[in-house]
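The data block below is final.csv; it holds CSV, N, CA and C atoms.
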```
chain,number,residue,atom,x,y,z
A,112,ILE,N,6.4,-28.4,82.6
A,112,ILE,CA,6.3,-27.7,83.9
A,112,ILE,C,4.8,-27.4,84.1
A,113,ILE,N,4.3,-27.8,85.2
A,113,ILE,CA,2.9,-27.5,85.6
A,113,ILE,C,2.9,-26.8,86.9
A,114,ASN,N,2.5,-25.6,86.9
A,114,ASN,CA,2.4,-24.8,88.2
A,114,ASN,C,0.9,-24.9,88.7
A,115,ILE,N,0.8,-24.8,90.0
A,115,ILE,CA,-0.6,-24.8,90.5
A,115,ILE,C,-0.8,-23.4,91.1
A,116,SER,N,-1.7,-22.7,90.4
A,116,SER,CA,-2.1,-21.3,90.7
A,116,SER,C,-3.4,-21.3,91.5
A,117,SER,N,-4.2,-20.4,91.2
A,117,SER,CA,-5.5,-20.3,91.8
A,117,SER,C,-6.4,-19.3,91.0
A,118,ALA,N,-7.7,-19.5,91.2
A,118,ALA,CA,-8.7,-18.5,90.6
A,118,ALA,C,-8.4,-17.2,91.2
A,119,ALA,N,-7.9,-17.1,92.4
A,119,ALA,CA,-7.6,-15.8,93.0
A,119,ALA,C,-6.5,-15.0,92.3
A,120,GLY,N,-5.7,-15.7,91.5
A,120,GLY,CA,-4.7,-15.0,90.7
A,120,GLY,C,-5.3,-14.4,89.4
A,121,GLN,N,-6.5,-14.6,89.1
A,121,GLN,CA,-7.2,-14.1,88.0
A,121,GLN,C,-8.4,-13.2,88.3
A,122,LYS,N,-8.9,-13.4,89.5
A,122,LYS,CA,-10.1,-12.6,89.9
A,122,LYS,C,-9.9,-12.2,91.4
A,123,GLY,N,-10.3,-11.0,91.7
A,123,GLY,CA,-10.1,-10.5,93.0
A,123,GLY,C,-11.1,-11.1,94.0
A,124,PHE,N,-10.6,-11.4,95.2
A,124,PHE,CA,-11.5,-11.9,96.3
A,124,PHE,C,-11.2,-11.1,97.5
A,125,VAL,N,-12.2,-10.7,98.3
A,125,VAL,CA,-12.0,-9.9,99.5
A,125,VAL,C,-11.1,-10.6,100.5
A,126,GLY,N,-10.2,-9.9,101.0
A,126,GLY,CA,-9.3,-10.5,102.1
A,126,GLY,C,-8.2,-11.4,101.5
A,127,ALA,N,-8.0,-11.3,100.2
A,127,ALA,CA,-7.0,-12.3,99.7
A,127,ALA,C,-5.9,-11.5,98.9
A,128,ALA,N,-5.6,-10.3,99.3
A,128,ALA,CA,-4.6,-9.5,98.5
A,128,ALA,C,-3.3,-10.2,98.3
A,129,ALA,N,-2.7,-10.6,99.4
A,129,ALA,CA,-1.3,-11.2,99.3
A,129,ALA,C,-1.4,-12.5,98.5
A,130,TYR,N,-2.4,-13.3,98.8
A,130,TYR,CA,-2.5,-14.6,98.1
A,130,TYR,C,-2.7,-14.4,96.6
A,131,ALA,N,-3.6,-13.5,96.3
A,131,ALA,CA,-3.9,-13.2,94.9
A,131,ALA,C,-2.7,-12.6,94.2
A,132,ALA,N,-1.9,-11.8,94.8
A,132,ALA,CA,-0.7,-11.2,94.2
A,132,ALA,C,0.3,-12.3,94.0
A,133,SER,N,0.5,-13.3,94.9
A,133,SER,CA,1.4,-14.3,94.7
A,133,SER,C,1.0,-15.2,93.5
A,134,LYS,N,-0.3,-15.5,93.4
A,134,LYS,CA,-0.7,-16.3,92.3
A,134,LYS,C,-0.7,-15.6,91.0
A,135,GLY,N,-1.0,-14.3,91.0
A,135,GLY,CA,-0.8,-13.5,89.8
A,135,GLY,C,0.6,-13.5,89.3
A,136,GLY,N,1.6,-13.4,90.3
A,136,GLY,CA,3.0,-13.5,89.9
A,136,GLY,C,3.4,-14.8,89.3
A,137,LEU,N,2.8,-15.9,89.9
A,137,LEU,CA,3.0,-17.2,89.4
A,137,LEU,C,2.5,-17.4,87.9
A,138,ASN,N,1.3,-16.7,87.7
A,138,ASN,CA,0.8,-16.8,86.3
A,138,ASN,C,1.7,-16.1,85.3
A,139,ALA,N,2.3,-14.9,85.7
A,139,ALA,CA,3.2,-14.2,84.9
A,139,ALA,C,4.5,-15.1,84.7
A,140,LEU,N,5.0,-15.7,85.7
A,140,LEU,CA,6.2,-16.5,85.6
A,140,LEU,C,5.9,-17.7,84.6
A,141,THR,N,4.7,-18.3,84.7
A,141,THR,CA,4.3,-19.4,83.9
A,141,THR,C,4.5,-19.0,82.4
A,142,ARG,N,4.0,-17.8,82.1
A,142,ARG,CA,4.0,-17.3,80.7
A,142,ARG,C,5.4,-17.0,80.2
A,143,VAL,N,6.2,-16.4,81.1
A,143,VAL,CA,7.6,-16.2,80.7
A,143,VAL,C,8.4,-17.4,80.5
A,144,VAL,N,8.3,-18.4,81.4
A,144,VAL,CA,9.0,-19.7,81.3
A,144,VAL,C,8.5,-20.4,80.0
A,145,ALA,N,7.2,-20.3,79.7
A,145,ALA,CA,6.7,-20.9,78.5
A,145,ALA,C,7.4,-20.4,77.3
A,146,VAL,N,7.7,-19.1,77.2
A,146,VAL,CA,8.4,-18.5,76.0
A,146,VAL,C,9.8,-18.9,76.1
A,147,GLU,N,10.5,-18.8,77.2
A,147,GLU,CA,11.9,-19.1,77.3
A,147,GLU,C,12.2,-20.6,77.1
A,148,ALA,N,11.3,-21.5,77.5
A,148,ALA,CA,11.6,-22.9,77.5
A,148,ALA,C,11.2,-23.5,76.1
A,149,ALA,N,10.3,-22.9,75.4
A,149,ALA,CA,9.8,-23.4,74.2
A,149,ALA,C,10.8,-23.9,73.2
A,150,PRO,N,11.9,-23.1,73.0
A,150,PRO,CA,13.0,-23.6,72.0
A,150,PRO,C,13.6,-24.9,72.4
A,151,TYR,N,13.4,-25.3,73.7
A,151,TYR,CA,14.0,-26.6,74.2
A,151,TYR,C,12.9,-27.7,74.2
A,152,GLY,N,11.8,-27.4,73.7
A,152,GLY,CA,10.7,-28.4,73.7
A,152,GLY,C,10.0,-28.6,75.0
A,153,VAL,N,10.2,-27.6,75.9
A,153,VAL,CA,9.6,-27.7,77.2
A,153,VAL,C,8.3,-26.8,77.3
A,154,THR,N,7.2,-27.4,77.8
A,154,THR,CA,6.0,-26.6,77.9
A,154,THR,C,5.9,-26.2,79.4
A,155,CYS,N,5.2,-25.1,79.6
A,155,CYS,CA,4.9,-24.6,80.9
A,155,CYS,C,3.5,-24.0,81.0
A,156,ASN,N,2.7,-24.6,81.9
A,156,ASN,CA,1.3,-24.2,82.1
A,156,ASN,C,1.0,-24.1,83.5
A,157,ALA,N,-0.1,-23.4,83.9
A,157,ALA,CA,-0.6,-23.4,85.2
A,157,ALA,C,-2.0,-23.8,85.3
A,158,ILE,N,-2.3,-24.5,86.4
A,158,ILE,CA,-3.7,-24.9,86.6
A,158,ILE,C,-4.2,-24.0,87.8
A,159,ALA,N,-5.3,-23.3,87.6
A,159,ALA,CA,-5.9,-22.4,88.5
A,159,ALA,C,-7.2,-22.9,89.1
A,160,PRO,N,-7.1,-23.7,90.2
A,160,PRO,CA,-8.3,-24.2,90.8
A,160,PRO,C,-9.2,-23.1,91.5
A,161,GLY,N,-10.4,-23.4,91.5
A,161,GLY,CA,-11.3,-22.6,92.4
A,161,GLY,C,-11.4,-23.3,93.7
A,162,LEU,N,-12.6,-23.2,94.3
A,162,LEU,CA,-12.8,-23.8,95.6
A,162,LEU,C,-13.0,-25.3,95.5
A,163,LEU,N,-12.1,-26.1,96.1
A,163,LEU,CA,-12.1,-27.5,96.0
A,163,LEU,C,-12.5,-28.2,97.3
A,164,ASP,N,-13.1,-29.3,97.2
A,164,ASP,CA,-13.4,-30.1,98.4
A,164,ASP,C,-12.2,-30.4,99.2
A,165,GLY,N,-12.2,-30.1,100.5
A,165,GLY,CA,-11.1,-30.5,101.4
A,165,GLY,C,-9.9,-29.5,101.2
A,166,GLY,N,-10.0,-28.5,100.5
A,166,GLY,CA,-8.9,-27.6,100.3
A,166,GLY,C,-8.9,-26.4,101.2
A,167,MET,N,-8.3,-25.3,100.8
A,167,MET,CA,-8.2,-24.2,101.7
A,167,MET,C,-9.6,-23.6,102.0
A,168,GLY,N,-10.6,-24.0,101.2
A,168,GLY,CA,-11.9,-23.5,101.5
A,168,GLY,C,-12.5,-24.0,102.8
A,169,THR,N,-12.0,-25.1,103.3
A,169,THR,CA,-12.5,-25.6,104.6
A,169,THR,C,-12.3,-24.6,105.7
A,170,ALA,N,-11.4,-23.6,105.6
A,170,ALA,CA,-11.1,-22.6,106.6
A,170,ALA,C,-12.0,-21.4,106.4
A,171,LEU,N,-12.8,-21.4,105.4
A,171,LEU,CA,-13.7,-20.3,105.2
A,171,LEU,C,-14.9,-20.3,106.1
A,172,SER,N,-15.4,-19.2,106.5
A,172,SER,CA,-16.6,-19.2,107.3
A,172,SER,C,-17.8,-19.7,106.4
A,173,PRO,N,-18.8,-20.2,106.9
A,173,PRO,CA,-20.0,-20.7,106.1
A,173,PRO,C,-20.5,-19.5,105.3
A,174,LYS,N,-20.6,-18.3,105.8
A,174,LYS,CA,-21.1,-17.2,105.1
A,174,LYS,C,-20.3,-16.9,103.8
A,175,ILE,N,-19.0,-16.8,104.0
A,175,ILE,CA,-18.1,-16.6,102.8
A,175,ILE,C,-18.1,-17.7,101.8
A,176,ARG,N,-18.2,-18.9,102.3
A,176,ARG,CA,-18.2,-20.1,101.4
A,176,ARG,C,-19.5,-20.0,100.6
A,177,GLU,N,-20.6,-19.7,101.2
A,177,GLU,CA,-21.9,-19.6,100.5
A,177,GLU,C,-21.9,-18.5,99.4
A,178,ALA,N,-21.2,-17.4,99.8
A,178,ALA,CA,-21.1,-16.2,98.9
A,178,ALA,C,-20.3,-16.6,97.7
A,179,TYR,N,-19.2,-17.4,97.9
A,179,TYR,CA,-18.4,-17.8,96.8
A,179,TYR,C,-19.1,-18.8,95.9
A,180,LEU,N,-19.8,-19.7,96.5
A,180,LEU,CA,-20.6,-20.7,95.7
A,180,LEU,C,-21.7,-20.0,94.9
A,181,ALA,N,-22.3,-18.9,95.5
A,181,ALA,CA,-23.4,-18.2,94.8
A,181,ALA,C,-22.9,-17.5,93.5
A,182,VAL,N,-21.7,-17.2,93.4
A,182,VAL,CA,-21.2,-16.6,92.2
A,182,VAL,C,-20.4,-17.6,91.3
A,183,THR,N,-20.4,-18.8,91.7
A,183,THR,CA,-19.8,-19.9,90.9
A,183,THR,C,-20.9,-20.5,90.0
A,184,PRO,N,-20.8,-20.4,88.7
A,184,PRO,CA,-21.9,-20.8,87.8
A,184,PRO,C,-22.3,-22.3,88.1
A,185,LEU,N,-21.4,-23.2,88.3
A,185,LEU,CA,-21.8,-24.6,88.6
A,185,LEU,C,-22.3,-24.7,90.0
A,186,GLY,N,-22.1,-23.7,90.9
A,186,GLY,CA,-22.8,-23.7,92.2
A,186,GLY,C,-22.3,-24.8,93.2
A,187,ARG,N,-21.1,-25.3,93.0
A,187,ARG,CA,-20.5,-26.3,93.9
A,187,ARG,C,-19.0,-26.2,93.9
A,188,THR,N,-18.4,-26.9,94.9
A,188,THR,CA,-17.0,-27.0,94.9
A,188,THR,C,-16.5,-28.1,93.9
A,189,GLY,N,-15.2,-28.0,93.6
A,189,GLY,CA,-14.6,-29.0,92.7
A,189,GLY,C,-14.0,-30.2,93.5
A,190,ASP,N,-13.7,-31.2,92.8
A,190,ASP,CA,-13.0,-32.3,93.4
A,190,ASP,C,-11.5,-32.2,93.1
A,191,PRO,N,-10.6,-32.5,94.0
A,191,PRO,CA,-9.2,-32.4,93.7
A,191,PRO,C,-8.8,-33.3,92.5
A,192,ALA,N,-9.5,-34.3,92.2
A,192,ALA,CA,-9.2,-35.2,91.1
A,192,ALA,C,-9.4,-34.4,89.8
A,193,ASP,N,-10.3,-33.4,89.8
A,193,ASP,CA,-10.4,-32.6,88.6
A,193,ASP,C,-9.1,-31.9,88.2
A,194,VAL,N,-8.4,-31.4,89.2
A,194,VAL,CA,-7.1,-30.8,89.0
A,194,VAL,C,-6.0,-31.9,88.6
A,195,GLY,N,-6.1,-33.0,89.3
A,195,GLY,CA,-5.1,-34.1,89.0
A,195,GLY,C,-5.2,-34.6,87.5
A,196,GLU,N,-6.5,-34.8,87.1
A,196,GLU,CA,-6.7,-35.3,85.7
A,196,GLU,C,-6.2,-34.3,84.7
A,197,LEU,N,-6.4,-33.0,84.9
A,197,LEU,CA,-5.9,-32.0,84.0
A,197,LEU,C,-4.3,-32.0,84.0
A,198,ALA,N,-3.7,-32.2,85.2
A,198,ALA,CA,-2.3,-32.2,85.2
A,198,ALA,C,-1.7,-33.5,84.4
A,199,VAL,N,-2.4,-34.6,84.6
A,199,VAL,CA,-2.0,-35.8,83.8
A,199,VAL,C,-2.1,-35.5,82.3
A,200,PHE,N,-3.2,-34.9,81.9
A,200,PHE,CA,-3.3,-34.6,80.5
A,200,PHE,C,-2.2,-33.7,80.0
A,201,LEU,N,-1.9,-32.6,80.8
A,201,LEU,CA,-0.9,-31.6,80.3
A,201,LEU,C,0.5,-32.3,80.3
A,202,ALA,N,0.7,-33.3,81.1
A,202,ALA,CA,2.0,-34.0,81.2
A,202,ALA,C,2.1,-35.1,80.1
A,203,SER,N,1.0,-35.4,79.5
A,203,SER,CA,1.0,-36.5,78.5
A,203,SER,C,1.3,-35.9,77.1
A,204,PRO,N,1.6,-36.8,76.1
A,204,PRO,CA,1.8,-36.4,74.8
A,204,PRO,C,0.6,-35.6,74.2
A,205,ALA,N,-0.6,-35.8,74.7
A,205,ALA,CA,-1.8,-35.1,74.2
A,205,ALA,C,-1.7,-33.6,74.6
A,206,GLY,N,-0.9,-33.3,75.6
A,206,GLY,CA,-0.8,-31.8,76.0
A,206,GLY,C,0.4,-31.2,75.4
A,207,ALA,N,1.1,-31.8,74.5
A,207,ALA,CA,2.4,-31.3,74.1
A,207,ALA,C,2.4,-30.0,73.3
A,208,TYR,N,1.2,-29.6,72.8
A,208,TYR,CA,1.2,-28.4,72.0
A,208,TYR,C,0.4,-27.3,72.8
A,209,ILE,N,0.4,-27.4,74.1
A,209,ILE,CA,-0.3,-26.5,75.0
A,209,ILE,C,0.8,-25.9,75.9
A,210,THR,N,1.0,-24.6,75.8
A,210,THR,CA,2.0,-23.9,76.6
A,210,THR,C,1.6,-22.5,76.9
A,211,GLY,N,2.1,-22.0,78.0
A,211,GLY,CA,1.8,-20.6,78.4
A,211,GLY,C,0.3,-20.3,78.8
A,212,GLN,N,-0.4,-21.4,79.2
A,212,GLN,CA,-1.8,-21.2,79.5
A,212,GLN,C,-2.0,-21.3,81.0
A,213,ILE,N,-3.0,-20.5,81.5
A,213,ILE,CA,-3.5,-20.5,82.8
A,213,ILE,C,-4.9,-21.1,82.7
A,214,ILE,N,-5.0,-22.4,83.1
A,214,ILE,CA,-6.2,-23.1,82.9
A,214,ILE,C,-7.1,-23.2,84.1
A,215,GLY,N,-8.2,-22.6,84.1
A,215,GLY,CA,-9.1,-22.6,85.3
A,215,GLY,C,-9.9,-23.9,85.4
A,216,VAL,N,-9.9,-24.4,86.6
A,216,VAL,CA,-10.7,-25.6,87.0
A,216,VAL,C,-11.5,-25.0,88.2
A,217,ASN,N,-12.5,-24.3,87.9
A,217,ASN,CA,-13.1,-23.4,88.9
A,217,ASN,C,-14.7,-23.3,88.9
A,218,GLY,N,-15.3,-24.2,88.2
A,218,GLY,CA,-16.8,-24.1,88.1
A,218,GLY,C,-17.3,-22.9,87.4
A,219,GLY,N,-16.4,-22.2,86.7
A,219,GLY,CA,-16.9,-21.0,85.9
A,219,GLY,C,-16.8,-19.7,86.6
A,220,ILE,N,-16.2,-19.7,87.8
A,220,ILE,CA,-16.1,-18.4,88.5
A,220,ILE,C,-15.3,-17.4,87.8
A,221,HIS,N,-14.4,-17.8,87.0
A,221,HIS,CA,-13.6,-16.8,86.2
A,221,HIS,C,-13.6,-17.2,84.8
A,222,MET,N,-14.4,-16.5,84.0
A,222,MET,CA,-14.4,-16.7,82.6
A,222,MET,C,-14.7,-15.4,81.8
```

Represent the structure of the file as structure tokens.
Amino acid sequence: IINISSAAGQKGFVGAAAYAASKGGLNALTRVVAVEAAPYGVTCNAIAPGLLDGGMGTALSPKIREAYLAVTPLGRTGDPADVGELAVFLASPAGAYITGQIIGVNGGIHM
């Protein structure tokens, strides 16, 4: 099981209370399912993207977008393929011993 969360579920952002709360809940659900499903050989993880090209960030004002990038160590947005490649890895045999993790793909904004 691979859930798609958000950096907002791990770090507070102004004006995103409801969104952050929903992603925080998804993160908790991910960990509970990981424990409950483990005896059946099922893994459960979440990917927590930061600001991605073409994503929700396109609705941000330029001022807020620049402020977000200013506190992102890599200083840029991510590519949706970054998330997809991680999902493929987690779903492959190489990811079979990873469970209960919230994995950030966020340029370092949450570490």

Q) What is the atom CA of Val199 of chain A to atom CA of Tyr179 of chain A distance in Å? A)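 Atom CA of Val199 of chain A sits 27.6 Å away from atom CA of Tyr179 of chain A.
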
Q: Work out how far atom CA of Pro173 of chain A is from atom C of Leu197 of chain A, in Å to one decimal.
A: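 Atom-to-atom, atom C of Leu197 of chain A to atom CA of Pro173 of chain A, that is 29.4 Å.
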
Q. Could you state the separation of atom C of Phe200 of chain A and atom N of Leu185 of chain A in Å, given to one decimal place?
A.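 The value is 23.4 Å.
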
Q. What's the 9 Å shell around Leu201 of chain A, counting only C-alpha atoms, without same-chain residues fewer than 3 positions away, as a PyMOL selection string?
A. chain A and resi 112-113+154+156+196-198+204-207+209

Q: Could you give me, as a list in words, the residues within 6.5 Å of Ile220 of chain A, counting all atoms listed in the file and dropping anything in the same chain fewer than 4 positions from it?
A: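 So the residues in contact are Val182, Thr183, Pro184 and Leu185 of chain A.
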
Could you please take those selected residues and save N, CA and C atoms as a PDB file, keeping the file's coordinate frame?
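Once everything was written out, this is out-v8.pdb:
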```pdb
ATOM      1  N   VAL A 182     -21.700 -17.200  93.400  1.00  0.00           N
ATOM      2  CA  VAL A 182     -21.200 -16.600  92.200  1.00  0.00           C
ATOM      3  C   VAL A 182     -20.400 -17.600  91.300  1.00  0.00           C
ATOM      4  N   THR A 183     -20.400 -18.800  91.700  1.00  0.00           N
ATOM      5  CA  THR A 183     -19.800 -19.900  90.900  1.00  0.00           C
ATOM      6  C   THR A 183     -20.900 -20.500  90.000  1.00  0.00           C
ATOM      7  N   PRO A 184     -20.800 -20.400  88.700  1.00  0.00           N
ATOM      8  CA  PRO A 184     -21.900 -20.800  87.800  1.00  0.00           C
ATOM      9  C   PRO A 184     -22.300 -22.300  88.100  1.00  0.00           C
ATOM     10  N   LEU A 185     -21.400 -23.200  88.300  1.00  0.00           N
ATOM     11  CA  LEU A 185     -21.800 -24.600  88.600  1.00  0.00           C
ATOM     12  C   LEU A 185     -22.300 -24.700  90.000  1.00  0.00           C
TER      13      LEU A 185
END
```

Q: Please return as JSON, numbers by chain: the residues of chain A that backbone DSSP assigns to helix (DSSP H, G or I).
A: {"A": [118, 119, 120, 128, 129, 130, 131, 132, 133, 134, 135, 136, 137, 138, 139, 140, 141, 142, 143, 144, 145, 146, 147, 148, 149, 150, 151, 167, 168, 169, 170, 173, 174, 175, 176, 177, 178, 179, 180, 181, 191, 192, 193, 194, 195, 196, 197, 198, 199, 200, 201, 202, 204, 205, 206]}

Q) Which residue, A:Leu140, A:Val216, A:Ala149, A:Ala129, has the smallest gap to Leu162 of chain A when you use only C-alpha atoms? A)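 Of A:Leu140, A:Val216, A:Ala149, A:Ala129, the one nearest Leu162 of chain A, counting only C-alpha atoms, is A:Val216.
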
Q.
I'd like to know which of A:Pro191, A:Gly186, A:Gly215, A:Gly126 is closest to Ala157 of chain A, using only N, CA and C atoms.
A.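 Counting only N, CA and C atoms, the residue closest to Ala157 of chain A is A:Gly215.
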
Q.
My list of candidates is A:Pro160, A:Gly218, A:Gly165, A:Gly211. Which is closest to Arg187 of chain A when distances are computed with only C-alpha atoms?
A. A:Gly218

Q: May I have the residues within 12 Å of Ile214 of chain A as JSON, numbers by chain, using only C-alpha atoms and disregarding those fewer than 5 positions away in the same chain?
A: {"A": [113, 114, 115, 116, 117, 118, 120, 121, 138, 141, 142, 155, 156, 157, 158, 159, 160, 161, 193, 194, 197, 198, 201, 209, 219, 221, 222]}

Those in chain A with strand (DSSP E or B) from DSSP, as a PDB file with N, CA and C atoms, in the frame of the given file:
```pdb
ATOM      1  N   ILE A 113       4.300 -27.800  85.200  1.00  0.00           N
ATOM      2  CA  ILE A 113       2.900 -27.500  85.600  1.00  0.00           C
ATOM      3  C   ILE A 113       2.900 -26.800  86.900  1.00  0.00           C
ATOM      4  N   ASN A 114       2.500 -25.600  86.900  1.00  0.00           N
ATOM      5  CA  ASN A 114       2.400 -24.800  88.200  1.00  0.00           C
ATOM      6  C   ASN A 114       0.900 -24.900  88.700  1.00  0.00           C
ATOM      7  N   ILE A 115       0.800 -24.800  90.000  1.00  0.00           N
ATOM      8  CA  ILE A 115      -0.600 -24.800  90.500  1.00  0.00           C
ATOM      9  C   ILE A 115      -0.800 -23.400  91.100  1.00  0.00           C
ATOM     10  N   ASN A 156       2.700 -24.600  81.900  1.00  0.00           N
ATOM     11  CA  ASN A 156       1.300 -24.200  82.100  1.00  0.00           C
ATOM     12  C   ASN A 156       1.000 -24.100  83.500  1.00  0.00           C
ATOM     13  N   ALA A 157      -0.100 -23.400  83.900  1.00  0.00           N
ATOM     14  CA  ALA A 157      -0.600 -23.400  85.200  1.00  0.00           C
ATOM     15  C   ALA A 157      -2.000 -23.800  85.300  1.00  0.00           C
ATOM     16  N   ILE A 158      -2.300 -24.500  86.400  1.00  0.00           N
ATOM     17  CA  ILE A 158      -3.700 -24.900  86.600  1.00  0.00           C
ATOM     18  C   ILE A 158      -4.200 -24.000  87.800  1.00  0.00           C
ATOM     19  N   ALA A 159      -5.300 -23.300  87.600  1.00  0.00           N
ATOM     20  CA  ALA A 159      -5.900 -22.400  88.500  1.00  0.00           C
ATOM     21  C   ALA A 159      -7.200 -22.900  89.100  1.00  0.00           C
ATOM     22  N   PRO A 160      -7.100 -23.700  90.200  1.00  0.00           N
ATOM     23  CA  PRO A 160      -8.300 -24.200  90.800  1.00  0.00           C
ATOM     24  C   PRO A 160      -9.200 -23.100  91.500  1.00  0.00           C
ATOM     25  N   LEU A 163     -12.100 -26.100  96.100  1.00  0.00           N
ATOM     26  CA  LEU A 163     -12.100 -27.500  96.000  1.00  0.00           C
ATOM     27  C   LEU A 163     -12.500 -28.200  97.300  1.00  0.00           C
ATOM     28  N   GLY A 189     -15.200 -28.000  93.600  1.00  0.00           N
ATOM     29  CA  GLY A 189     -14.600 -29.000  92.700  1.00  0.00           C
ATOM     30  C   GLY A 189     -14.000 -30.200  93.500  1.00  0.00           C
ATOM     31  N   ILE A 213      -3.000 -20.500  81.500  1.00  0.00           N
ATOM     32  CA  ILE A 213      -3.500 -20.500  82.800  1.00  0.00           C
ATOM     33  C   ILE A 213      -4.900 -21.100  82.700  1.00  0.00           C
ATOM     34  N   ILE A 214      -5.000 -22.400  83.100  1.00  0.00           N
ATOM     35  CA  ILE A 214      -6.200 -23.100  82.900  1.00  0.00           C
ATOM     36  C   ILE A 214      -7.100 -23.200  84.100  1.00  0.00           C
ATOM     37  N   GLY A 215      -8.200 -22.600  84.100  1.00  0.00           N
ATOM     38  CA  GLY A 215      -9.100 -22.600  85.300  1.00  0.00           C
ATOM     39  C   GLY A 215      -9.900 -23.900  85.400  1.00  0.00           C
ATOM     40  N   VAL A 216      -9.900 -24.400  86.600  1.00  0.00           N
ATOM     41  CA  VAL A 216     -10.700 -25.600  87.000  1.00  0.00           C
ATOM     42  C   VAL A 216     -11.500 -25.000  88.200  1.00  0.00           C
TER      43      VAL A 216
END
```

Find the axis-aligned box for segment 201-205 of chain A, covering all its listed atoms and adding 4 Å on each side, and write its centre and edge lengths in Å to one decimal as lines of an AutoDock Vina configuration file.
```
center_x = 0.1
center_y = -34.2
center_z = 77.7
size_x = 12.0
size_y = 13.2
size_z = 15.0
```
